[in-house]
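> After the structure tokens below, expect a handful of questions from me.
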Amino acid sequence: MVKIFLFLFTATLYVTAGVGSFSAAGVLYCNGSRIDIGSYAAPLAVDWDGDGNKDLICGQFDGGRIRYYPNTGTNESPVFESYFYLLDGVNPVSVPYG
Ligand SMILES: [Ca+2]
């Protein structure tokens, strides 16, 4: 099981060195279960749907598919209720893997 953790950026300590301060790790859940992408997960927090809250986009090893978890909560307390595979219109988007 590979878990996805969230560390909120809380403050910049040394701007020139690019060092920041982060919150304690928070485990991310989707519909009550820990988010498990499997091996070689590649998570990215980005506002995918433009509602102002960062969503979770995560590449997975299995088939090179990309999951999209819409955030129905806030940036400080994200809530993920479901996920979808990104599509190229019809088929799941797949990137090289393995
Ligand atoms: Ca969003």
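Residue numbering restarts at 1 for every chain of the structure tokens, chains are lettered A, B, ... in their displayed order, and ligands are numbered from 1 as they appear.
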Using only C-alpha atoms and all ligand atoms, find each protein or nucleic acid residue lying at most 7 Å from ligand 1; present the set as a count of residues only.
11
> Could you check the closest approach to Ser39 (chain A) for each of A:Tyr85, A:Phe7, A:Val27, A:Tyr97 and tell me which residue wins, using only C-alpha atoms?
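For Ser39 (chain A), the nearest of the given residues is A:Tyr97.
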> Between A:Ala25, A:Cys58, A:Glu81, A:Leu86, which residue has the minimum interatomic distance to Ile37 (chain A), considering only C-alpha atoms?
A:Cys58
> Find the distance between CA of Ala45 (chain A) and CA of Gly73 (chain A) and write it in Å to one decimal.
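Going from CA of Ala45 (chain A) over to CA of Gly73 (chain A), I get 13.5 Å.
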> Can you measure CA of Glu76 (chain A) to CA of Phe5 (chain A) for me? One decimal in Å is fine.
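Computed distance, CA of Glu76 (chain A) to CA of Phe5 (chain A), equals 13.4 Å.
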> Find the distance between CA of Ile4 (chain A) and CA of Gly89 (chain A) and write it in Å to one decimal.
27.4 Å
> Neighbours of region 63-65 of chain A within 6 Å (only C-alpha atoms; same-chain residues fewer than 3 positions away dropped), as JSON, numbers by chain?
{"A": [59, 60, 93, 94, 95, 96, 97]}
> Mind checking which residues fall within 9 Å of Leu28 (chain A), counting only C-alpha atoms, ignoring those fewer than 3 positions away in the same chain, and posting them as a list in words?
Lys3, Ile4, Phe5, Leu6, Ser33, Arg34, Ile35, Pro78, Val79 and Phe80 of chain A
> Using only C-alpha atoms, please write the residues we just selected to a file, as an mmCIF file, in the first residue's frame.

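See part.cif below for the written result:
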data_model
loop_
_atom_site.group_PDB
_atom_site.id
_atom_site.type_symbol
_atom_site.label_atom_id
_atom_site.label_comp_id
_atom_site.auth_asym_id
_atom_site.auth_seq_id
_atom_site.Cartn_x
_atom_site.Cartn_y
_atom_site.Cartn_z
ATOM 1 C CA LYS A 3 -0.283 6.255 0.958
ATOM 2 C CA ILE A 4 -0.566 9.836 -0.193
ATOM 3 C CA PHE A 5 0.246 12.420 2.492
ATOM 4 C CA LEU A 6 -0.529 16.126 2.557
ATOM 5 C CA SER A 33 -10.626 4.999 2.654
ATOM 6 C CA ARG A 34 -6.986 5.948 2.525
ATOM 7 C CA ILE A 35 -5.983 6.956 -0.968
ATOM 8 C CA PRO A 78 -9.480 18.871 1.439
ATOM 9 C CA VAL A 79 -12.280 16.342 0.986
ATOM 10 C CA PHE A 80 -12.122 13.736 -1.741
#
